[in-house]
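Participant: Pasting my_file_14.cif here (mmCIF, C-alpha atoms):
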```
data_start
#
loop_
_atom_site.group_PDB
_atom_site.id
_atom_site.type_symbol
_atom_site.label_atom_id
_atom_site.label_comp_id
_atom_site.auth_asym_id
_atom_site.auth_seq_id
_atom_site.Cartn_x
_atom_site.Cartn_y
_atom_site.Cartn_z
ATOM 1 C CA MET X 142 0.000 0.000 0.000
ATOM 2 C CA HIS X 143 1.258 3.462 -0.944
ATOM 3 C CA THR X 144 1.100 6.093 1.799
ATOM 4 C CA VAL X 145 1.742 9.791 1.368
ATOM 5 C CA LYS X 146 3.671 11.628 4.037
ATOM 6 C CA ALA X 147 3.876 15.426 3.887
ATOM 7 C CA ILE X 148 5.821 18.024 5.824
ATOM 8 C CA TYR X 149 4.217 21.313 6.863
ATOM 9 C CA PRO X 150 7.257 23.472 7.711
ATOM 10 C CA GLY X 151 7.351 26.831 9.420
ATOM 11 C CA THR X 152 8.356 28.771 12.471
ATOM 12 C CA PHE X 153 4.865 28.766 14.025
ATOM 13 C CA ASP X 154 5.825 31.568 16.443
ATOM 14 C CA PRO X 155 3.078 31.435 17.570
ATOM 15 C CA LEU X 156 0.680 28.852 16.132
ATOM 16 C CA THR X 157 -2.423 30.537 14.715
ATOM 17 C CA ASN X 158 -5.882 29.292 13.810
ATOM 18 C CA GLY X 159 -4.825 29.783 10.191
ATOM 19 C CA HIS X 160 -2.058 27.222 10.728
ATOM 20 C CA LEU X 161 -4.540 24.886 12.418
ATOM 21 C CA ASP X 162 -6.953 25.266 9.504
ATOM 22 C CA LEU X 163 -4.248 24.112 7.079
ATOM 23 C CA ILE X 164 -3.201 21.287 9.399
ATOM 24 C CA ALA X 165 -6.793 20.047 9.705
ATOM 25 C CA ARG X 166 -7.450 20.140 5.975
ATOM 26 C CA GLY X 167 -3.992 18.891 5.023
ATOM 27 C CA SER X 168 -4.344 15.924 7.369
ATOM 28 C CA GLN X 169 -7.425 14.864 5.383
ATOM 29 C CA ILE X 170 -5.447 14.818 2.128
ATOM 30 C CA VAL X 171 -2.307 12.939 3.176
ATOM 31 C CA ASP X 172 -1.806 9.810 5.239
ATOM 32 C CA GLN X 173 0.751 11.376 7.578
ATOM 33 C CA LEU X 174 1.406 15.057 8.190
ATOM 34 C CA VAL X 175 4.480 16.246 10.062
ATOM 35 C CA VAL X 176 4.350 19.801 11.380
ATOM 36 C CA ALA X 177 8.042 20.697 11.202
ATOM 37 C CA ILE X 178 9.307 23.622 13.247
ATOM 38 C CA LEU X 179 12.403 25.240 11.792
ATOM 39 C CA ARG X 180 14.977 25.758 14.554
ATOM 40 C CA ASN X 181 17.365 28.088 12.688
ATOM 41 C CA SER X 182 15.031 30.639 11.211
ATOM 42 C CA GLU X 183 15.980 33.868 9.460
ATOM 43 C CA LYS X 184 13.249 35.472 11.518
ATOM 44 C CA SER X 185 14.810 37.182 14.505
ATOM 45 C CA ASN X 186 13.591 37.496 18.064
ATOM 46 C CA PRO X 187 11.397 34.421 18.397
ATOM 47 C CA LEU X 188 8.819 34.734 21.144
ATOM 48 C CA PHE X 189 8.652 31.024 21.954
ATOM 49 C CA THR X 190 11.440 28.459 21.931
ATOM 50 C CA PRO X 191 11.159 25.622 19.408
ATOM 51 C CA ASP X 192 10.342 23.249 22.275
ATOM 52 C CA GLU X 193 7.557 25.530 23.535
ATOM 53 C CA ARG X 194 6.136 25.759 20.021
ATOM 54 C CA ALA X 195 6.320 21.978 19.620
ATOM 55 C CA GLU X 196 4.473 21.519 22.904
ATOM 56 C CA MET X 197 1.677 23.924 21.900
ATOM 57 C CA ILE X 198 1.310 22.426 18.420
ATOM 58 C CA THR X 199 1.285 18.883 19.812
ATOM 59 C CA GLU X 200 -1.508 19.825 22.200
ATOM 60 C CA ALA X 201 -3.505 21.679 19.535
ATOM 61 C CA THR X 202 -3.210 18.827 17.009
ATOM 62 C CA ARG X 203 -3.975 16.019 19.469
ATOM 63 C CA PRO X 204 -7.419 15.394 17.863
ATOM 64 C CA PHE X 205 -5.737 14.535 14.552
ATOM 65 C CA GLY X 206 -4.502 10.952 14.605
ATOM 66 C CA ASN X 207 -2.164 11.333 11.641
ATOM 67 C CA VAL X 208 -0.341 14.542 12.658
ATOM 68 C CA SER X 209 3.007 14.610 14.425
ATOM 69 C CA VAL X 210 5.303 17.464 15.417
ATOM 70 C CA MET X 211 9.063 17.661 14.990
ATOM 71 C CA THR X 212 11.806 20.265 14.842
ATOM 72 C CA PHE X 213 14.533 20.452 12.219
ATOM 73 C CA ASN X 214 17.606 22.374 11.104
ATOM 74 C CA GLY X 215 19.022 22.805 7.648
ATOM 75 C CA LEU X 216 17.476 22.216 4.260
ATOM 76 C CA LEU X 217 13.840 21.238 4.080
ATOM 77 C CA VAL X 218 14.484 18.715 1.299
ATOM 78 C CA ASP X 219 17.051 16.951 3.489
ATOM 79 C CA PHE X 220 14.486 16.744 6.288
ATOM 80 C CA CYS X 221 11.872 15.425 3.823
ATOM 81 C CA ARG X 222 14.282 12.743 2.635
ATOM 82 C CA ALA X 223 15.147 11.731 6.207
ATOM 83 C CA GLN X 224 11.427 11.453 7.052
ATOM 84 C CA GLY X 225 10.477 9.631 3.860
ATOM 85 C CA ALA X 226 8.134 12.486 2.925
ATOM 86 C CA LYS X 227 7.162 13.055 -0.691
ATOM 87 C CA ALA X 228 5.360 16.368 -0.282
ATOM 88 C CA VAL X 229 5.620 19.756 1.370
ATOM 89 C CA LEU X 230 2.434 21.548 2.414
ATOM 90 C CA ARG X 231 2.522 25.342 2.228
ATOM 91 C CA GLY X 232 -0.132 27.948 2.872
ATOM 92 C CA ILE X 233 -0.703 30.912 0.597
ATOM 93 C CA ARG X 234 -2.656 33.899 1.861
ATOM 94 C CA ALA X 235 -1.883 36.475 -0.811
ATOM 95 C CA ILE X 236 -0.018 37.039 -4.062
ATOM 96 C CA SER X 237 3.060 38.121 -2.109
ATOM 97 C CA ASP X 238 3.068 34.715 -0.358
ATOM 98 C CA TYR X 239 2.765 32.981 -3.717
ATOM 99 C CA GLU X 240 5.798 34.745 -5.173
ATOM 100 C CA TYR X 241 7.982 33.719 -2.230
ATOM 101 C CA GLU X 242 6.548 30.195 -1.972
ATOM 102 C CA PHE X 243 6.890 29.632 -5.722
ATOM 103 C CA GLN X 244 10.611 30.462 -5.533
ATOM 104 C CA MET X 245 11.056 28.119 -2.574
ATOM 105 C CA ALA X 246 9.134 25.320 -4.312
ATOM 106 C CA MET X 247 11.252 25.651 -7.450
ATOM 107 C CA MET X 248 14.482 25.603 -5.436
ATOM 108 C CA ASN X 249 13.288 22.556 -3.489
ATOM 109 C CA ARG X 250 12.404 20.851 -6.788
ATOM 110 C CA LYS X 251 15.903 21.613 -8.085
ATOM 111 C CA LEU X 252 17.448 20.149 -4.923
ATOM 112 C CA ASP X 253 15.166 17.094 -4.922
ATOM 113 C CA PRO X 254 12.796 16.499 -7.860
ATOM 114 C CA ASN X 255 11.011 13.777 -5.845
ATOM 115 C CA VAL X 256 9.561 16.244 -3.327
ATOM 116 C CA GLU X 257 6.347 17.936 -4.488
ATOM 117 C CA THR X 258 4.907 21.140 -3.034
ATOM 118 C CA LEU X 259 1.188 21.336 -2.264
ATOM 119 C CA PHE X 260 -0.202 24.859 -1.977
ATOM 120 C CA MET X 261 -3.337 25.449 0.085
ATOM 121 C CA MET X 262 -5.259 28.606 0.811
ATOM 122 C CA PRO X 263 -6.493 29.150 4.363
ATOM 123 C CA ALA X 264 -10.149 29.635 5.184
ATOM 124 C CA GLU X 265 -11.232 33.152 4.215
ATOM 125 C CA LYS X 266 -11.498 34.266 7.831
ATOM 126 C CA TYR X 267 -7.744 33.626 8.295
ATOM 127 C CA THR X 268 -6.366 35.074 5.061
ATOM 128 C CA TYR X 269 -4.882 38.094 6.827
ATOM 129 C CA VAL X 270 -3.551 36.268 9.902
ATOM 130 C CA SER X 271 0.179 35.858 10.427
ATOM 131 C CA SER X 272 2.214 35.027 13.512
ATOM 132 C CA ARG X 273 4.013 38.363 13.227
ATOM 133 C CA LEU X 274 0.704 40.241 13.135
ATOM 134 C CA ILE X 275 -0.635 38.264 16.109
ATOM 135 C CA LYS X 276 2.416 39.152 18.219
ATOM 136 C CA GLY X 277 2.294 42.818 17.248
ATOM 137 C CA VAL X 278 -1.429 43.291 17.851
ATOM 138 C CA PHE X 279 -1.330 41.386 21.145
ATOM 139 C CA GLN X 280 1.646 43.391 22.382
ATOM 140 C CA LEU X 281 -0.288 46.594 21.718
ATOM 141 C CA GLY X 282 -3.250 45.340 23.757
ATOM 142 C CA GLY X 283 -5.440 44.029 20.914
ATOM 143 C CA ASP X 284 -7.690 41.003 21.293
ATOM 144 C CA VAL X 285 -6.378 38.086 19.211
ATOM 145 C CA SER X 286 -8.275 35.354 21.070
ATOM 146 C CA ALA X 287 -10.357 34.436 17.990
ATOM 147 C CA LEU X 288 -7.206 33.996 15.912
ATOM 148 C CA VAL X 289 -5.154 31.590 18.045
ATOM 149 C CA PRO X 290 -5.933 28.386 19.947
ATOM 150 C CA PRO X 291 -6.813 28.914 23.640
ATOM 151 C CA LEU X 292 -3.516 27.372 24.794
ATOM 152 C CA VAL X 293 -1.568 29.837 22.665
ATOM 153 C CA MET X 294 -3.622 32.707 24.089
ATOM 154 C CA GLU X 295 -2.722 31.580 27.626
ATOM 155 C CA ARG X 296 0.962 31.388 26.713
ATOM 156 C CA LEU X 297 0.918 34.794 25.021
ATOM 157 C CA LYS X 298 -0.386 36.326 28.232
ATOM 158 C CA THR X 299 2.596 34.959 30.150
ATOM 159 C CA LYS X 300 5.210 35.832 27.506
ATOM 160 C CA VAL X 301 4.311 39.182 25.996
ATOM 161 C CA PRO X 302 4.369 42.446 27.905
ATOM 162 C CA ILE X 303 1.287 44.393 26.885
ATOM 163 C CA ASN X 304 1.775 48.063 26.050
ATOM 164 C CA SER X 305 -1.296 50.026 27.004
ATOM 165 C CA PRO X 306 -2.243 53.159 25.093
ATOM 166 C CA GLU X 307 -1.061 56.368 26.686
#
```
Could you rewrite the structure in this file as structure tokens?

Facilitator:
Amino acid sequence: MHTVKAIYPGTFDPLTNGHLDLIARGSQIVDQLVVAILRNSEKSNPLFTPDERAEMITEATRPFGNVSVMTFNGLLVDFCRAQGAKAVLRGIRAISDYEYEFQMAMMNRKLDPNVETLFMMPAEKYTYVSSRLIKGVFQLGGDVSALVPPLVMERLKTKVPINSPE
């Protein structure tokens, strides 16, 4: 029997409901979905450690029997090969995402032609949501509770100093 394993890579700092939407729908398409947290990201000043992110994602994805969570360093195609994954799942919210993701998909294809990229759009209600936006709005005192899982909301409250308007 042929099974399809896919990797959903990202920093997930923090996990959003947009991420969870893609995880839920992606897990219905593939046999196994690995949410892969990049340890050495170009994005500076992470709010949560990779282990904290893995813990939150593991808890949030517990209802999905075919989703696991791992961390990785280095090239995504090397991680895919090591995991026996044949596909990469990526979310696209806007044209600007597509341009970046298209470049990454083409580079990954050049590095390993056996790894396919699957693009998915999030549910409409999450098309504007990003981890960076969540952190910024929350830090300025905005309510992001409808955009992140409850566990993430709890953790944000303990991690992020809230700046109140003056």

Participant: Just so the selection is clear, what residues does the PyMOL selection byres ((chain X and resi 241-250) around 9) cover here, as a ChimeraX atom specification?

Facilitator: /X:216-218,229,231-233,236-240,251-258,260

Participant: Using all atoms listed in the file for the distances, tell me which of X:Pro191, X:Pro204, X:Gly215, X:Gly151 is nearest to X:Ser168.

Facilitator: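 Checking each of X:Pro191, X:Pro204, X:Gly215, X:Gly151 against X:Ser168, counting all atoms listed in the file, the winner is X:Pro204.
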
Participant: Select, from X:Arg194, X:Arg222, X:Arg273, X:Arg203, the residue with the minimum atom-to-atom distance to X:Val293, counting all atoms listed in the file.

Facilitator: X:Arg194

Participant: Taking the file above as input, evaluate the PyMOL selection byres ((chain X and resi 274) around 12) and report the hits as a PyMOL selection string.

Facilitator: chain X and resi 154-157+267-273+275-281+283-285+288-289

Participant: Now that the selection is made, can you save its residues with C-alpha atoms as a tab-separated table (two decimals), in the frame of the given file?

Facilitator:
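Now in result-v1.tsv:
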```tsv
chain	number	residue	atom	x	y	z
X	154	ASP	CA	5.82	31.57	16.44
X	155	PRO	CA	3.08	31.44	17.57
X	156	LEU	CA	0.68	28.85	16.13
X	157	THR	CA	-2.42	30.54	14.72
X	267	TYR	CA	-7.74	33.63	8.30
X	268	THR	CA	-6.37	35.07	5.06
X	269	TYR	CA	-4.88	38.09	6.83
X	270	VAL	CA	-3.55	36.27	9.90
X	271	SER	CA	0.18	35.86	10.43
X	272	SER	CA	2.21	35.03	13.51
X	273	ARG	CA	4.01	38.36	13.23
X	275	ILE	CA	-0.64	38.26	16.11
X	276	LYS	CA	2.42	39.15	18.22
X	277	GLY	CA	2.29	42.82	17.25
X	278	VAL	CA	-1.43	43.29	17.85
X	279	PHE	CA	-1.33	41.39	21.14
X	280	GLN	CA	1.65	43.39	22.38
X	281	LEU	CA	-0.29	46.59	21.72
X	283	GLY	CA	-5.44	44.03	20.91
X	284	ASP	CA	-7.69	41.00	21.29
X	285	VAL	CA	-6.38	38.09	19.21
X	288	LEU	CA	-7.21	34.00	15.91
X	289	VAL	CA	-5.15	31.59	18.05
```

Participant: What's the separation between atom CA of X:Leu292 and atom CA of X:Gln224, in Å to one decimal place?

Facilitator: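 That distance, rounded to one decimal, is 28.1 Å.
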
Participant: Between atom CA of X:Thr144 and atom CA of X:Ala228, what is the distance, to one decimal in Å?

Facilitator: 11.3 Å

Participant: Where does the PyMOL selection byres ((chain X and resi 161) around 10) land in this file, that is, which residues does it pick, as a ChimeraX atom specification?

Facilitator: /X:156-160,162-167,198,201-202,263,289-290

Participant: Specify the axis-aligned box that encloses all atoms of stretch 221-226 of chain X listed in the file after padding of 8 Å on each side, stating its centre and edge lengths in Å to one decimal as JSON.

Facilitator:
```
{"center_x": 11.6, "center_y": 12.5, "center_z": 4.8, "size_x": 23.0, "size_y": 21.8, "size_z": 20.4}
```

Participant: Looking at only C-alpha atoms, which of X:Met262, X:Val145, X:Ala287, X:Met294 is the one that sits closest to X:Leu174?

Facilitator: X:Val145

Participant: Interatomic distance between atom CA of X:Pro187 and atom CA of X:Val208?

Facilitator: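 We find that atom CA of X:Pro187 and atom CA of X:Val208 lie 23.8 Å from each other.
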
Participant: Point out the residue among X:Met197, X:Cys221, X:Ala235, X:Leu259 with the least atom-to-atom distance to X:Glu295, counting only C-alpha atoms.

Facilitator: X:Met197
